[in-house]
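Dumped run-v7.cif below, it's mmCIF, C-alpha atoms:
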data_final
loop_
_atom_site.label_atom_id
_atom_site.label_comp_id
_atom_site.auth_asym_id
_atom_site.auth_seq_id
_atom_site.Cartn_x
_atom_site.Cartn_y
_atom_site.Cartn_z
CA MET A 1432 13.48 -4.05 -74.29
CA ASN A 1433 13.78 -7.41 -72.60
CA ASP A 1434 10.46 -9.21 -72.06
CA ASP A 1435 12.07 -12.25 -70.42
CA PHE A 1436 11.65 -11.89 -66.68
CA ASP A 1437 11.90 -15.57 -65.79
CA GLU A 1438 15.29 -15.28 -64.10
CA LEU A 1439 14.19 -12.21 -62.14
CA ASP A 1440 10.97 -13.95 -61.09
CA ARG A 1441 12.89 -17.04 -59.95
CA ALA A 1442 15.30 -14.87 -57.96
CA LEU A 1443 12.45 -12.95 -56.29
CA PHE A 1444 10.51 -16.10 -55.42
CA ALA A 1445 13.69 -17.69 -54.01
CA LEU A 1446 14.04 -14.94 -51.40
CA PRO A 1447 13.10 -16.06 -47.89
CA LEU A 1448 9.97 -14.36 -46.58
CA GLU A 1449 9.68 -13.06 -43.06
CA ALA A 1450 6.59 -14.00 -41.07
CA PRO A 1451 4.05 -11.16 -40.83
CA PRO A 1452 3.49 -9.59 -37.42
CA PRO A 1453 0.55 -10.95 -35.45
CA GLY A 1454 -2.71 -9.12 -36.08
CA LEU A 1455 -1.61 -7.64 -39.42
CA ARG A 1456 -4.44 -9.21 -41.39
CA GLN A 1457 -7.09 -8.06 -38.91
CA SER A 1458 -5.72 -4.50 -38.80
CA ILE A 1459 -5.77 -4.33 -42.61
CA LEU A 1460 -9.35 -5.59 -42.68
CA ASN A 1461 -10.37 -3.08 -39.98
CA ALA A 1462 -8.85 -0.21 -41.96
CA THR A 1463 -10.41 -1.22 -45.28
CA VAL A 1464 -13.33 -3.63 -45.39
CA TYR A 1465 -14.77 -3.11 -41.92
CA ALA A 1466 -14.19 0.68 -41.84
CA ARG A 1467 -17.60 1.47 -43.36
CA ALA A 1468 -19.42 -0.74 -40.84
CA GLN A 1469 -17.56 0.85 -37.93
CA ALA A 1470 -18.29 4.35 -39.23
CA ALA A 1471 -21.98 3.51 -39.61
CA ALA A 1472 -22.11 2.31 -36.01
CA GLY A 1473 -21.28 5.83 -34.87
CA PRO A 1474 -18.53 7.23 -32.69
CA GLU A 1475 -17.39 5.28 -29.68
CA ILE A 1476 -18.50 6.83 -26.39
CA ARG A 1477 -15.85 6.78 -23.70
CA THR A 1478 -16.62 5.98 -20.08
CA TRP A 1479 -15.70 9.42 -18.78
CA GLU A 1480 -17.97 11.08 -21.36
CA LEU A 1481 -20.89 8.90 -20.31
CA LEU A 1482 -20.14 9.64 -16.66
CA ALA A 1483 -20.01 13.42 -17.30
CA VAL A 1484 -23.35 13.36 -19.13
CA GLY A 1485 -24.90 11.33 -16.31
CA ILE A 1486 -23.63 13.75 -13.66
CA ALA A 1487 -24.88 16.76 -15.65
CA LEU A 1488 -28.33 15.18 -16.06
CA ALA A 1489 -28.49 14.29 -12.37
CA ALA A 1490 -27.54 17.86 -11.36
CA ALA A 1491 -30.10 19.33 -13.78
CA THR A 1492 -32.81 17.01 -12.43
CA TRP A 1493 -31.96 17.95 -8.83
CA LEU A 1494 -32.03 21.66 -9.69
CA ILE A 1495 -35.39 21.46 -11.46
CA LEU A 1496 -36.97 19.45 -8.65
CA SER A 1497 -35.55 21.84 -6.03
CA LEU A 1498 -36.94 24.83 -7.92
CA LEU A 1499 -40.37 23.22 -8.17
CA VAL A 1500 -40.61 21.99 -4.57
CA SER A 1501 -38.87 24.65 -2.47
CA LYS A 1502 -40.16 28.22 -2.85
CA GLY A 1503 -37.33 29.61 -0.71
CA PHE A 1504 -34.70 27.93 -2.86
CA ALA A 1505 -36.45 29.17 -6.01
CA ALA A 1506 -36.49 32.76 -4.72
CA THR A 1507 -32.81 32.64 -3.74
CA PHE A 1508 -31.87 31.05 -7.06
CA ASP A 1509 -33.83 33.69 -8.95
CA ALA A 1510 -32.13 36.52 -7.04
CA ASN A 1511 -28.67 35.04 -7.62
CA LEU A 1512 -29.43 34.50 -11.29
CA LEU A 1513 -30.49 38.13 -11.61
CA VAL A 1514 -27.26 39.34 -9.95
CA ALA A 1515 -25.16 37.14 -12.26
CA GLY A 1516 -27.05 38.39 -15.31
CA ARG A 1517 -26.46 42.01 -14.34
CA ALA A 1518 -22.75 41.32 -13.78
CA ILE A 1519 -22.37 39.75 -17.21
CA ALA A 1520 -24.41 42.51 -18.88
CA ASP A 1521 -22.13 45.18 -17.41
CA PRO A 1522 -20.46 47.08 -20.29
CA THR A 1523 -16.99 46.68 -18.79
CA THR A 1524 -17.42 42.91 -18.55
CA LEU A 1525 -18.69 42.74 -22.12
CA VAL A 1526 -15.69 44.74 -23.36
CA TRP A 1527 -13.25 42.41 -21.58
CA LEU A 1528 -15.06 39.30 -22.85
CA GLY A 1529 -14.98 40.71 -26.38
CA ALA A 1530 -11.29 41.59 -26.12
CA GLY A 1531 -10.46 38.12 -24.82
CA GLY A 1532 -12.48 36.47 -27.58
CA ALA A 1533 -10.82 38.64 -30.22
CA VAL A 1534 -7.33 37.77 -28.96
CA ALA A 1535 -8.20 34.06 -28.85
CA ALA A 1536 -9.59 34.19 -32.39
CA TRP A 1537 -6.55 36.10 -33.63
CA LEU A 1538 -4.12 33.64 -32.04
CA SER A 1539 -5.96 30.63 -33.44
CA PHE A 1540 -6.29 32.17 -36.90
CA PHE A 1541 -2.67 33.19 -37.28
CA ASN A 1542 -1.24 30.45 -35.03
CA ALA A 1543 0.97 33.11 -33.44
CA THR A 1544 1.70 31.00 -30.38
CA GLY A 1545 3.43 28.18 -32.23
CA LEU A 1546 2.22 25.75 -29.57
CA ARG A 1547 0.45 22.54 -30.40
CA LEU A 1548 -1.85 21.24 -27.71
CA PRO A 1549 -1.99 17.47 -27.24
CA LEU A 1550 -5.63 16.69 -27.97
CA GLY A 1551 -5.43 12.95 -27.48
CA GLY A 1552 -4.29 10.07 -29.57
CA ALA A 1553 -5.42 9.73 -33.14
CA ARG A 1554 -7.64 6.80 -33.97
CA SER A 1555 -7.73 5.13 -37.34
#
Exercise: express the given structure as structure tokens:
Amino acid sequence: MNDDFDELDRALFALPLEAPPPGLRQSILNATVYARAQAAAGPEIRTWELLAVGIALAAATWLILSLLVSKGFAATFDANLLVAGRAIADPTTLVWLGAGGAVAAWLSFFNATGLRLPLGGARS
């Protein structure tokens, strides 16, 4: 076996190097060294998620205040809630909900559809 690699080393070092793309060093550091610090900071919250949570909290606050202040609204809300509860508790509705859930579980378990849904871009 030949242990003399001087000529090969000289030939490799004589090759012209191309300039690295801009931002390469920072992207490597983000993926390696800074990855633990970014993971410890928690997931990034998007603007639309923050907006949806704010709208849901505002609607819940309005509903609670309306139920506490207005007796007529509370009575109507209670009656409508009772009607919706009876409709969901109907045996026919429960059978259809169960059948739909079973089909959805079967399709996701066996991947019978063959379709891949775009769930957003992957982040590294």
With 6 Å added on each side, what axis-aligned box encloses every listed atom of region 1450-1453 of chain A? Give the centre and edge lengths in Å to one decimal, as JSON.
{"center_x": 3.6, "center_y": -11.8, "center_z": -38.3, "size_x": 18.0, "size_y": 16.4, "size_z": 17.6}
Could you please determine the separation between CA of Arg1517 (chain A) and CA of Ala1505 (chain A) in Å, to one decimal place?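 We find that CA of Arg1517 (chain A) and CA of Ala1505 (chain A) lie 18.3 Å from each other.
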Quick one: distance from CA of Val1500 (chain A) to CA of Ala1518 (chain A) in Å, one decimal?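 Taking CA of Val1500 (chain A) and CA of Ala1518 (chain A), their separation equals 27.9 Å.
CA of Leu1513 (chain A) lies 15.2 Å from CA of Leu1498 (chain A).
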Restore all heavy atoms in region 1512-1523 of chain A and list the result as a CSV table (one decimal), in the coordinates of the input.
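Below is the file that was written, part-v2.csv:
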chain,number,residue,atom,x,y,z
A,1512,LEU,N,-29.5,34.5,-9.8
A,1512,LEU,CA,-29.4,34.5,-11.3
A,1512,LEU,C,-29.5,35.9,-11.8
A,1512,LEU,O,-28.8,36.3,-12.8
A,1512,LEU,CB,-30.6,33.6,-11.8
A,1512,LEU,CG,-30.5,33.3,-13.3
A,1512,LEU,CD1,-29.3,32.4,-13.6
A,1512,LEU,CD2,-31.7,32.5,-13.7
A,1513,LEU,N,-30.3,36.7,-11.2
A,1513,LEU,CA,-30.5,38.1,-11.6
A,1513,LEU,C,-29.2,38.9,-11.4
A,1513,LEU,O,-28.8,39.7,-12.2
A,1513,LEU,CB,-31.7,38.8,-10.8
A,1513,LEU,CG,-32.0,40.2,-11.3
A,1513,LEU,CD1,-32.5,40.2,-12.7
A,1513,LEU,CD2,-33.1,40.7,-10.4
A,1514,VAL,N,-28.5,38.7,-10.2
A,1514,VAL,CA,-27.3,39.3,-10.0
A,1514,VAL,C,-26.2,38.9,-11.0
A,1514,VAL,O,-25.4,39.8,-11.5
A,1514,VAL,CB,-26.8,39.0,-8.5
A,1514,VAL,CG1,-25.4,39.5,-8.3
A,1514,VAL,CG2,-27.7,39.7,-7.5
A,1515,ALA,N,-26.1,37.6,-11.3
A,1515,ALA,CA,-25.2,37.1,-12.3
A,1515,ALA,C,-25.4,37.7,-13.6
A,1515,ALA,O,-24.5,38.1,-14.4
A,1515,ALA,CB,-25.2,35.6,-12.3
A,1516,GLY,N,-26.7,37.8,-14.0
A,1516,GLY,CA,-27.0,38.4,-15.3
A,1516,GLY,C,-26.7,39.8,-15.4
A,1516,GLY,O,-26.2,40.3,-16.4
A,1517,ARG,N,-26.9,40.6,-14.3
A,1517,ARG,CA,-26.5,42.0,-14.3
A,1517,ARG,C,-24.9,42.1,-14.4
A,1517,ARG,O,-24.4,43.1,-15.1
A,1517,ARG,CB,-27.0,42.7,-13.1
A,1517,ARG,CG,-28.5,43.0,-13.2
A,1517,ARG,CD,-28.9,43.8,-11.9
A,1517,ARG,NE,-30.4,44.0,-12.0
A,1517,ARG,CZ,-31.1,44.2,-11.0
A,1517,ARG,NH1,-30.6,44.3,-9.8
A,1517,ARG,NH2,-32.4,44.4,-11.1
A,1518,ALA,N,-24.2,41.3,-13.7
A,1518,ALA,CA,-22.8,41.3,-13.8
A,1518,ALA,C,-22.2,41.0,-15.2
A,1518,ALA,O,-21.3,41.7,-15.7
A,1518,ALA,CB,-22.2,40.3,-12.8
A,1519,ILE,N,-22.8,40.1,-15.9
A,1519,ILE,CA,-22.4,39.8,-17.2
A,1519,ILE,C,-22.8,40.8,-18.2
A,1519,ILE,O,-22.1,41.1,-19.2
A,1519,ILE,CB,-22.9,38.4,-17.6
A,1519,ILE,CG1,-22.2,37.3,-16.8
A,1519,ILE,CG2,-22.7,38.1,-19.1
A,1519,ILE,CD1,-22.8,35.9,-17.0
A,1520,ALA,N,-23.9,41.5,-18.0
A,1520,ALA,CA,-24.4,42.5,-18.9
A,1520,ALA,C,-23.7,43.9,-18.7
A,1520,ALA,O,-24.0,44.8,-19.4
A,1520,ALA,CB,-25.9,42.7,-18.7
A,1521,ASP,N,-22.9,43.9,-17.7
A,1521,ASP,CA,-22.1,45.2,-17.4
A,1521,ASP,C,-21.3,45.5,-18.6
A,1521,ASP,O,-20.6,44.6,-19.2
A,1521,ASP,CB,-21.3,45.0,-16.1
A,1521,ASP,CG,-20.6,46.3,-15.8
A,1521,ASP,OD1,-21.1,47.4,-16.0
A,1521,ASP,OD2,-19.4,46.2,-15.3
A,1522,PRO,N,-21.2,46.7,-19.1
A,1522,PRO,CA,-20.5,47.1,-20.3
A,1522,PRO,C,-19.0,46.8,-20.2
A,1522,PRO,O,-18.3,46.3,-21.1
A,1522,PRO,CB,-20.7,48.6,-20.5
A,1522,PRO,CG,-22.0,48.8,-19.8
A,1522,PRO,CD,-22.1,47.9,-18.7
A,1523,THR,N,-18.4,47.0,-19.0
A,1523,THR,CA,-17.0,46.7,-18.8
A,1523,THR,C,-16.7,45.2,-19.0
A,1523,THR,O,-15.7,44.8,-19.6
A,1523,THR,CB,-16.5,47.1,-17.4
A,1523,THR,OG1,-16.9,48.5,-17.2
A,1523,THR,CG2,-15.0,47.0,-17.2
